[in-house]
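K.L.:
File name coords_39.csv; file contents CSV, C-alpha atoms; full text below.
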```csv
chain,number,residue,atom,x,y,z
A,30,MET,CA,-37.7,-28.6,-2.9
A,31,SER,CA,-38.2,-32.2,-3.9
A,32,SER,CA,-35.4,-34.7,-3.8
A,33,LYS,CA,-35.5,-35.0,-7.6
A,34,ASN,CA,-34.8,-31.3,-8.0
A,35,ILE,CA,-32.0,-31.3,-5.4
A,36,ASP,CA,-30.5,-34.3,-7.2
A,37,LEU,CA,-30.6,-32.4,-10.5
A,38,LEU,CA,-28.9,-29.3,-8.9
A,39,ALA,CA,-26.2,-31.5,-7.4
A,40,THR,CA,-25.6,-33.4,-10.6
A,41,VAL,CA,-25.4,-30.3,-12.8
A,42,ALA,CA,-23.0,-28.7,-10.3
A,43,ASN,CA,-20.8,-31.8,-10.1
A,44,LEU,CA,-20.6,-32.1,-13.9
A,45,TYR,CA,-19.7,-28.4,-14.2
A,46,TYR,CA,-17.3,-27.9,-11.3
A,47,ASN,CA,-15.7,-31.4,-10.8
A,48,PHE,CA,-15.8,-32.8,-14.4
A,49,ASN,CA,-15.2,-29.5,-16.2
A,50,GLN,CA,-18.2,-30.1,-18.6
A,51,SER,CA,-19.5,-27.0,-20.4
A,52,GLN,CA,-22.9,-25.7,-19.9
A,53,ALA,CA,-23.8,-26.7,-23.4
A,54,GLN,CA,-22.7,-30.3,-22.8
A,55,ILE,CA,-24.8,-30.4,-19.6
A,56,ALA,CA,-27.8,-28.9,-21.4
A,57,SER,CA,-27.6,-31.5,-24.2
A,58,ARG,CA,-27.6,-34.3,-21.7
A,59,PHE,CA,-30.6,-33.2,-19.8
A,60,ASP,CA,-32.5,-31.6,-22.7
A,61,LEU,CA,-32.2,-28.1,-21.1
A,62,SER,CA,-31.3,-24.8,-22.5
A,63,PRO,CA,-27.8,-23.4,-21.6
A,64,SER,CA,-29.4,-20.5,-19.8
A,65,LYS,CA,-31.4,-23.0,-17.7
A,66,VAL,CA,-28.2,-24.8,-16.8
A,67,SER,CA,-26.6,-21.5,-15.8
A,68,ARG,CA,-29.5,-20.7,-13.5
A,69,LEU,CA,-29.2,-24.2,-11.9
A,70,ILE,CA,-25.5,-23.7,-11.2
A,71,LYS,CA,-26.3,-20.4,-9.6
A,72,GLU,CA,-29.1,-21.9,-7.5
A,73,ALA,CA,-26.8,-24.7,-6.4
A,74,ARG,CA,-24.4,-22.2,-4.9
A,75,GLU,CA,-27.2,-20.1,-3.3
A,76,ARG,CA,-28.7,-23.2,-1.6
A,77,GLY,CA,-25.3,-24.3,-0.3
A,78,ILE,CA,-25.2,-27.4,-2.4
A,79,VAL,CA,-21.9,-26.0,-3.8
A,80,GLU,CA,-19.4,-24.6,-1.4
A,81,ILE,CA,-16.3,-23.0,-3.0
A,82,HIS,CA,-13.1,-22.9,-1.0
A,83,VAL,CA,-10.2,-20.9,-2.3
A,84,HIS,CA,-6.9,-21.7,-0.6
A,85,MET,CA,-4.9,-18.5,-0.4
A,86,PRO,CA,-1.1,-18.8,0.1
A,87,ILE,CA,-1.4,-16.0,2.6
A,88,PRO,CA,-4.8,-15.5,4.4
A,89,ARG,CA,-6.5,-12.3,3.4
A,90,ASP,CA,-9.7,-10.5,4.2
A,91,LEU,CA,-11.2,-9.8,0.8
A,92,GLU,CA,-14.3,-8.1,2.2
A,93,LEU,CA,-12.2,-5.5,4.0
A,94,GLU,CA,-10.1,-5.0,0.9
A,95,GLN,CA,-13.3,-4.2,-1.1
A,96,ILE,CA,-14.5,-1.8,1.6
A,97,LEU,CA,-11.1,0.1,1.6
A,98,MET,CA,-11.0,0.3,-2.2
A,99,ARG,CA,-14.6,1.6,-2.3
A,100,ASP,CA,-14.6,4.0,0.6
A,101,PHE,CA,-11.1,5.5,-0.1
A,102,CYS,CA,-10.9,5.3,-3.9
A,103,LEU,CA,-7.9,3.0,-3.8
A,104,LYS,CA,-6.7,1.2,-6.9
A,105,ASP,CA,-5.9,-1.9,-4.8
A,106,ALA,CA,-5.8,-3.1,-1.2
A,107,TYR,CA,-4.3,-6.2,0.4
A,108,VAL,CA,-5.5,-7.0,3.9
A,109,LEU,CA,-3.8,-9.7,5.9
A,110,LYS,CA,-6.1,-11.9,7.9
A,111,THR,CA,-4.6,-12.4,11.4
A,112,SER,CA,-5.5,-14.7,14.2
A,113,ALA,CA,-5.7,-14.2,18.0
A,114,ASP,CA,-2.3,-15.7,18.6
A,115,THR,CA,-0.5,-13.8,15.8
A,116,ASP,CA,2.3,-11.7,17.4
A,117,ASP,CA,3.4,-8.4,15.8
A,118,GLY,CA,6.7,-9.6,14.6
A,119,LEU,CA,5.2,-12.5,12.7
A,120,SER,CA,2.4,-10.2,11.4
A,121,LEU,CA,5.0,-7.8,10.1
A,122,GLU,CA,7.0,-10.5,8.4
A,123,THR,CA,3.9,-12.0,6.8
A,124,LEU,CA,2.7,-8.5,5.8
A,125,GLY,CA,6.0,-8.0,4.0
A,126,LYS,CA,5.5,-11.2,2.1
A,127,LEU,CA,2.0,-10.2,1.1
A,128,ALA,CA,3.1,-6.8,0.0
A,129,ALA,CA,6.0,-8.4,-2.0
A,130,ILE,CA,3.5,-10.6,-3.9
A,131,HIS,CA,1.6,-7.5,-5.0
A,132,LEU,CA,4.7,-5.5,-5.7
A,133,GLU,CA,6.2,-8.3,-7.9
A,134,ARG,CA,3.0,-8.3,-10.0
A,135,VAL,CA,3.1,-4.5,-10.4
A,136,ILE,CA,6.9,-4.6,-11.2
A,137,ASP,CA,6.3,-7.2,-13.9
A,138,ALA,CA,3.9,-4.9,-15.6
A,139,LEU,CA,6.2,-1.8,-15.5
A,140,PRO,CA,7.6,-0.7,-18.9
A,141,ALA,CA,11.3,-1.3,-19.5
A,142,GLU,CA,12.2,2.3,-18.9
A,143,ALA,CA,10.3,2.7,-15.6
A,144,SER,CA,12.0,3.3,-12.3
A,145,ILE,CA,10.9,2.8,-8.7
A,146,GLY,CA,11.0,5.2,-5.7
A,147,VAL,CA,11.7,3.9,-2.2
A,148,ALA,CA,10.9,5.7,1.1
A,149,TRP,CA,11.7,4.5,4.6
A,150,GLY,CA,10.4,2.8,7.7
A,151,THR,CA,10.0,-0.7,9.3
A,152,ASP,CA,7.1,-1.7,7.1
A,153,VAL,CA,9.0,-0.8,4.0
A,154,HIS,CA,11.9,-2.8,5.3
A,155,SER,CA,9.7,-5.8,5.7
A,156,VAL,CA,8.6,-5.8,2.0
A,157,VAL,CA,12.1,-5.1,0.7
A,158,ASN,CA,13.4,-8.1,2.6
A,159,ALA,CA,10.6,-10.3,1.2
A,160,LEU,CA,11.0,-9.1,-2.4
A,161,SER,CA,12.3,-11.8,-4.8
A,162,SER,CA,15.5,-11.2,-6.7
A,163,ASN,CA,14.9,-10.6,-10.4
A,164,PRO,CA,18.0,-8.9,-11.8
A,165,SER,CA,17.0,-9.4,-15.4
A,166,ARG,CA,14.4,-6.6,-14.9
A,167,GLN,CA,17.2,-4.0,-14.7
A,168,ILE,CA,14.9,-1.4,-13.0
A,169,ASP,CA,16.6,1.7,-11.5
A,170,VAL,CA,15.6,2.7,-8.0
A,171,VAL,CA,15.4,6.3,-6.8
A,172,GLN,CA,15.7,7.5,-3.2
A,173,LEU,CA,12.6,9.5,-2.2
A,174,LEU,CA,14.1,11.2,0.9
A,175,GLY,CA,17.4,12.1,2.5
A,176,GLY,CA,19.5,9.8,4.6
A,177,VAL,CA,18.4,8.9,8.1
A,178,GLY,CA,21.4,7.1,9.4
A,179,SER,CA,19.5,4.0,10.7
A,180,MET,CA,20.5,0.9,8.8
A,181,LEU,CA,17.1,-0.7,9.3
A,182,LEU,CA,15.0,2.4,8.4
A,183,ASP,CA,17.2,4.3,6.0
A,184,SER,CA,15.9,5.1,2.5
A,185,PRO,CA,19.4,4.7,0.9
A,186,GLU,CA,19.9,1.2,2.3
A,187,LEU,CA,16.5,0.1,1.4
A,188,GLY,CA,16.8,1.6,-2.1
A,189,ARG,CA,20.2,-0.1,-2.7
A,190,THR,CA,18.7,-3.5,-1.7
A,191,VAL,CA,15.8,-3.1,-4.1
A,192,ALA,CA,18.1,-2.0,-6.9
A,193,ALA,CA,20.4,-5.1,-6.3
A,194,LYS,CA,17.4,-7.4,-6.4
A,195,LEU,CA,16.1,-5.9,-9.6
A,196,GLY,CA,19.4,-5.5,-11.4
A,197,GLY,CA,19.2,-1.8,-11.7
A,198,HIS,CA,21.1,1.3,-10.5
A,199,HIS,CA,20.4,3.1,-7.3
A,200,HIS,CA,20.2,6.9,-7.5
A,201,ASP,CA,21.2,8.5,-4.2
A,202,LEU,CA,19.8,11.6,-2.8
A,203,HIS,CA,22.9,13.3,-1.5
A,204,ALA,CA,21.4,15.1,1.4
A,205,PRO,CA,20.3,14.4,5.0
A,206,PHE,CA,16.7,13.7,5.8
A,207,LEU,CA,16.2,16.3,8.5
A,208,VAL,CA,18.3,19.6,9.0
A,209,GLU,CA,18.3,22.1,11.8
A,210,LYS,CA,17.1,25.1,9.9
A,211,GLU,CA,14.9,25.9,7.0
A,212,THR,CA,17.7,27.9,5.4
A,213,ALA,CA,19.9,24.8,5.4
A,214,ARG,CA,17.2,22.9,3.6
A,215,ASP,CA,16.9,25.6,1.0
A,216,ALA,CA,20.7,25.5,0.5
A,217,PHE,CA,20.5,21.7,-0.2
A,218,LEU,CA,17.5,22.1,-2.5
A,219,ALA,CA,19.5,24.7,-4.5
A,220,GLU,CA,22.3,22.2,-5.3
A,221,PRO,CA,22.1,20.8,-8.9
A,222,VAL,CA,22.7,17.3,-7.8
A,223,VAL,CA,19.8,17.4,-5.4
A,224,GLN,CA,17.5,19.0,-8.0
A,225,GLU,CA,18.4,16.2,-10.4
A,226,SER,CA,17.5,13.6,-7.6
A,227,PHE,CA,14.1,15.1,-7.2
A,228,ARG,CA,13.6,15.3,-10.9
A,229,ARG,CA,14.2,11.5,-11.0
A,230,ALA,CA,11.9,11.0,-7.9
A,231,LYS,CA,9.0,12.8,-9.6
A,232,SER,CA,9.3,10.6,-12.7
A,233,VAL,CA,9.1,7.2,-11.1
A,234,GLY,CA,6.4,4.8,-12.2
A,235,LEU,CA,6.0,3.2,-8.8
A,236,ALA,CA,6.7,4.4,-5.2
A,237,ILE,CA,7.0,2.1,-2.2
A,238,ILE,CA,6.2,4.1,1.0
A,239,GLY,CA,5.3,3.6,4.6
A,240,VAL,CA,3.0,5.7,6.8
A,241,GLY,CA,4.5,6.9,10.1
A,242,SER,CA,2.8,7.5,13.4
A,243,VAL,CA,3.1,10.2,16.0
A,244,GLU,CA,2.5,7.8,18.8
A,245,ASP,CA,5.7,7.1,20.8
A,246,GLU,CA,5.5,3.3,20.5
A,247,ALA,CA,5.2,3.4,16.7
A,248,SER,CA,7.2,6.4,15.6
A,249,SER,CA,10.1,5.8,13.1
A,250,PHE,CA,11.2,9.4,13.8
A,251,LEU,CA,11.6,8.6,17.5
A,252,ARG,CA,13.2,5.2,16.8
A,253,ALA,CA,15.8,6.8,14.5
A,254,GLY,CA,16.6,9.5,17.1
A,255,LEU,CA,15.3,12.4,14.9
A,256,VAL,CA,12.9,13.7,17.5
A,257,THR,CA,12.2,13.4,21.2
A,258,ARG,CA,9.1,12.3,23.0
A,259,SER,CA,8.5,15.9,23.8
A,260,ASN,CA,8.7,16.8,20.1
A,261,LEU,CA,6.1,14.2,19.3
A,262,ALA,CA,3.8,15.3,22.0
A,263,GLN,CA,3.9,18.9,20.7
A,264,LEU,CA,3.2,17.6,17.2
A,265,ARG,CA,0.1,15.8,18.5
A,266,VAL,CA,-1.1,19.0,20.2
A,267,GLN,CA,-0.7,20.8,16.9
A,268,GLY,CA,-2.9,18.3,15.2
A,269,ALA,CA,-0.5,15.9,13.6
A,270,VAL,CA,-1.6,12.3,13.4
A,271,GLY,CA,1.2,10.8,11.3
A,272,GLU,CA,3.7,11.3,8.5
A,273,VAL,CA,4.2,10.4,4.9
A,274,CYS,CA,7.7,10.5,3.4
A,275,GLY,CA,8.8,12.3,6.6
A,276,GLN,CA,6.2,15.1,6.3
A,277,PHE,CA,3.7,15.3,9.1
A,278,ILE,CA,0.0,15.5,8.3
A,279,ASP,CA,-3.3,16.1,10.1
A,280,ILE,CA,-6.3,13.9,9.9
A,281,ASN,CA,-7.3,15.3,6.6
A,282,GLY,CA,-3.9,14.9,5.0
A,283,CYS,CA,-2.9,18.6,5.3
A,284,ASN,CA,0.8,19.3,6.0
A,285,ASP,CA,1.1,23.1,6.0
A,286,GLU,CA,0.9,23.7,9.7
A,287,PHE,CA,4.0,21.8,11.0
A,288,GLU,CA,7.3,23.7,11.1
A,289,ILE,CA,9.4,20.5,11.0
A,290,ASN,CA,8.2,19.8,7.5
A,291,ARG,CA,10.1,22.9,6.3
A,292,ARG,CA,13.3,21.2,7.5
A,293,ILE,CA,12.7,17.8,5.8
A,294,ILE,CA,14.5,16.9,2.5
A,295,ALA,CA,12.2,14.6,0.7
A,296,ILE,CA,9.9,14.4,-2.3
A,297,SER,CA,7.0,16.8,-1.8
A,298,LEU,CA,3.6,15.4,-1.0
A,299,ASP,CA,2.2,17.3,-3.9
A,300,ASP,CA,4.6,15.5,-6.2
A,301,LEU,CA,3.9,12.1,-4.5
A,302,ARG,CA,0.2,12.4,-5.5
A,303,TYR,CA,1.1,12.4,-9.2
A,304,ILE,CA,3.1,9.2,-9.2
A,305,PRO,CA,1.0,6.6,-11.1
A,306,ARG,CA,1.4,3.8,-8.5
A,307,VAL,CA,2.1,4.6,-4.8
A,308,ILE,CA,1.9,1.5,-2.6
A,309,ALA,CA,1.9,2.0,1.1
A,310,ILE,CA,2.7,-0.8,3.6
A,311,ALA,CA,1.6,0.1,7.1
A,312,HIS,CA,-0.1,-1.6,10.0
A,313,GLY,CA,-0.8,-1.3,13.7
A,314,LEU,CA,-3.5,0.4,15.7
A,315,PRO,CA,-1.3,3.4,16.4
A,316,LYS,CA,-1.1,4.0,12.7
A,317,ALA,CA,-4.9,3.9,12.0
A,318,ALA,CA,-5.3,7.6,12.0
A,319,SER,CA,-2.2,8.3,10.0
A,320,ILE,CA,-3.2,5.8,7.3
A,321,LEU,CA,-6.6,7.4,7.1
A,322,ALA,CA,-5.0,10.8,6.8
A,323,ALA,CA,-2.7,9.6,4.1
A,324,MET,CA,-5.6,8.2,2.1
A,325,ARG,CA,-7.6,11.4,2.5
A,326,GLY,CA,-4.6,13.3,1.3
A,327,LYS,CA,-4.5,11.1,-1.8
A,328,PHE,CA,-0.8,10.2,-1.1
A,329,LEU,CA,-1.3,6.6,-2.0
A,330,ASN,CA,-3.5,4.5,-4.3
A,331,ALA,CA,-2.7,1.0,-3.0
A,332,LEU,CA,-2.6,-0.1,0.7
A,333,VAL,CA,-1.2,-3.3,2.3
A,334,THR,CA,-2.2,-3.7,5.9
A,335,ASP,CA,-3.8,-6.2,8.3
A,336,ASP,CA,-7.4,-6.8,9.2
A,337,ILE,CA,-7.2,-5.2,12.7
A,338,THR,CA,-5.8,-2.0,11.3
A,339,ALA,CA,-8.2,-1.9,8.4
A,340,GLN,CA,-11.2,-2.3,10.6
A,341,ALA,CA,-9.9,0.5,12.9
A,342,ILE,CA,-9.4,2.8,9.9
A,343,ILE,CA,-13.0,2.1,8.7
A,344,GLU,CA,-14.5,2.8,12.1
A,345,LEU,CA,-12.4,5.9,12.6
A,346,ALA,CA,-13.5,7.3,9.3
A,347,LYS,CA,-17.1,7.1,10.4
A,348,THR,CA,-16.5,9.0,13.6
A,349,VAL,CA,-14.1,11.7,12.1
A,350,PRO,CA,-15.7,12.9,8.9
A,351,PRO,CA,-13.3,14.5,6.3
A,352,ALA,CA,-13.2,18.2,5.9
A,353,PRO,CA,-14.7,19.6,2.7
A,354,ASP,CA,-12.3,19.6,-0.2
A,355,PRO,CA,-12.3,23.1,-1.7
A,356,ASP,CA,-10.0,22.1,-4.6
A,357,PRO,CA,-10.3,18.4,-5.6
A,358,ILE,CA,-7.2,16.9,-7.1
A,359,ASP,CA,-7.6,14.8,-10.3
A,360,THR,CA,-4.7,12.3,-10.0
A,361,PRO,CA,-3.8,10.5,-13.1
A,362,ALA,CA,-4.2,6.7,-12.8
A,363,GLU,CA,-1.7,5.0,-15.2
A,364,GLU,CA,0.4,7.6,-17.1
A,365,THR,CA,4.0,7.9,-16.3
A,366,LEU,CA,5.0,11.5,-16.2
A,367,PRO,CA,7.8,12.6,-18.6
```
How would this structure read if it were set down as structure tokens?

P.N.:
Amino acid sequence: MSSKNIDLLATVANLYYNFNQSQAQIASRFDLSPSKVSRLIKEARERGIVEIHVHMPIPRDLELEQILMRDFCLKDAYVLKTSADTDDGLSLETLGKLAAIHLERVIDALPAEASIGVAWGTDVHSVVNALSSNPSRQIDVVQLLGGVGSMLLDSPELGRTVAAKLGGHHHDLHAPFLVEKETARDAFLAEPVVQESFRRAKSVGLAIIGVGSVEDEASSFLRAGLVTRSNLAQLRVQGAVGEVCGQFIDINGCNDEFEINRRIIAISLDDLRYIPRVIAIAHGLPKAASILAAMRGKFLNALVTDDITAQAIIELAKTVPPAPDPDPIDTPAEETLP
């Protein structure tokens, strides 16, 4: 390409990007058609004459976000870009801030009568801590599962914090998270106050959840003292790869095979699927399989994670194909259920 043509590309690009001139103004100056100016601007970018740098407040991997959204039919994905010297504590804190940015935008768009459901876990704790206070919103918060007892992980504590920040009421689920026998769970579920709690949980417009692991080093169940290492090992043998709202799932998102699920008091995974917005915050290589399983089960439609975890999920999905879905579920996208 001649120097004259390169100079024209550079001049047109400068006028357009740096001097905010319209394509019509540039066309008039150089006796060109507006469509020709548009092609010159495009060519300037393709030839590297124009380089666009977007400074993100928190570094993200937009390419991985697009892959996750495309491959797993997500409504949204936010992937934190990490560096070699990023430790996990800093990554978790930054991930919480990234998730909070997304959450605040979603919350701003919620209708006045909408409510929010909150689950449990360290990742959920990180976003709850980072969430800005906006008491004028007056949004109620609903507990999605029973009380765990751990101040850091507990759904009631996290829910109360969100409600205080958003100026709404917190609706307790008056039941423990895990009971000894299925009959005890059935007795709690028969209580009118618990039934009312689950009615509220099913009607939220937004749910904030984590995704748990069955690996010892990343298990919230183990950290909260709800299971032993031996219990987790047995769950792995049975095919569990993780948990969502306290219910263990296999790599395809199925939860029917695990006895412990029948002793959990939490919103059902079937009901979770029909909440319009379910945002999961989860990261770490031990959670790659559980996040993949949760997406295959359609228990979330937005994911906040980091680049290392996202890449591991994508690679795992290639090596472990999903089981055929005999009964596809058509999940509503935006409607809030009555």

K.L.:
Name the closest residue to A:Ala143 among the candidates A:His82, A:Arg292, A:Arg189, A:Arg306; distances are taken between atoms, counting all atoms listed in the file.

P.N.:
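Nearest candidate to A:Ala143 out of A:His82, A:Arg292, A:Arg189, A:Arg306: A:Arg306.
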
K.L.:
Using all atoms listed in the file, pick whichever of A:Val135, A:Ile55, A:Val243, A:Val156 has the shortest atom-to-atom distance to A:Ile278.

P.N.:
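Among the listed residues, the smallest separation from A:Ile278 belongs to A:Val243.
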
K.L.:
Give as number ranges by chain each residue that has an atom at most 12 Å from (4.0, 15.7, -5.8) in the file, counting all atoms listed in the file.

P.N.:
A: 173, 227-228, 230-233, 236, 273-274, 295-305, 307, 326-329, 358, 360-361, 366

K.L.:
Might you pull out every residue within 12 Å of A:Val208, with all atoms listed in the file counted and same-chain residues fewer than 3 positions away left off, and present them as JSON, numbers by chain?

P.N.:
{"A": [175, 176, 177, 204, 205, 211, 212, 213, 214, 215, 216, 217, 218, 255, 256, 288, 289, 290, 291, 292, 293, 294, 295]}

K.L.:
Measure the distance from atom CA of A:Val157 to atom CA of A:Glu186 in Å and round it to one decimal.

P.N.:
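Between atom CA of A:Val157 and atom CA of A:Glu186 the gap is 10.2 Å.
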
K.L.:
Find the residues around A:Gly150 up to 10 Å (only C-alpha atoms counted), leave out those fewer than 5 positions away in its own chain, and share them as a ChimeraX atom specification.

P.N.:
/A:155,179,181-184,187,238-241,248-250,252-253,274-275,310-311

K.L.:
What does the distance from atom CA of A:Arg166 to atom CA of A:Gly196 come to in Å, to one decimal?

P.N.:
6.2 Å

K.L.:
So, counting all atoms listed in the file, which residue among A:Phe277, A:His200, A:Leu38, A:Ile237 is closest to A:Leu264?

P.N.:
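For A:Leu264, the nearest of the given residues is A:Phe277.
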
K.L.:
So which residues fall inside 7 Å of (-3.3, -5.3, 9.1) if we count all atoms listed in the file? Mind giving them as a list in words?

P.N.:
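Within the cut-off we find Val108, Leu109, His312, Gly313, Thr334, Asp335, Asp336, Ile337, Thr338 and Ala339 of chain A.
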
K.L.:
Figure out the distance between atom CA of A:Leu321 and atom CA of A:Glu246, please, to one decimal in Å.

P.N.:
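That distance, rounded to one decimal, is 18.5 Å.
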
K.L.:
So, with only C-alpha atoms as the atoms that count, which of A:Ala262, A:Leu174, A:Leu195, A:Leu93 lies closest to A:Gly146?

P.N.:
A:Leu174

K.L.:
Extract, using only C-alpha atoms, all DNA, RNA and protein residues at most 10 Å from stretch 44-48 of chain A, discarding same-chain residues fewer than 5 positions from it, and format them as a list in words.

P.N.:
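Residues near the query, excluding close chain neighbours: Ala39, Gln54, Ile55, Val66, Ser67, Ile70, Val79 and Ile81 of chain A.
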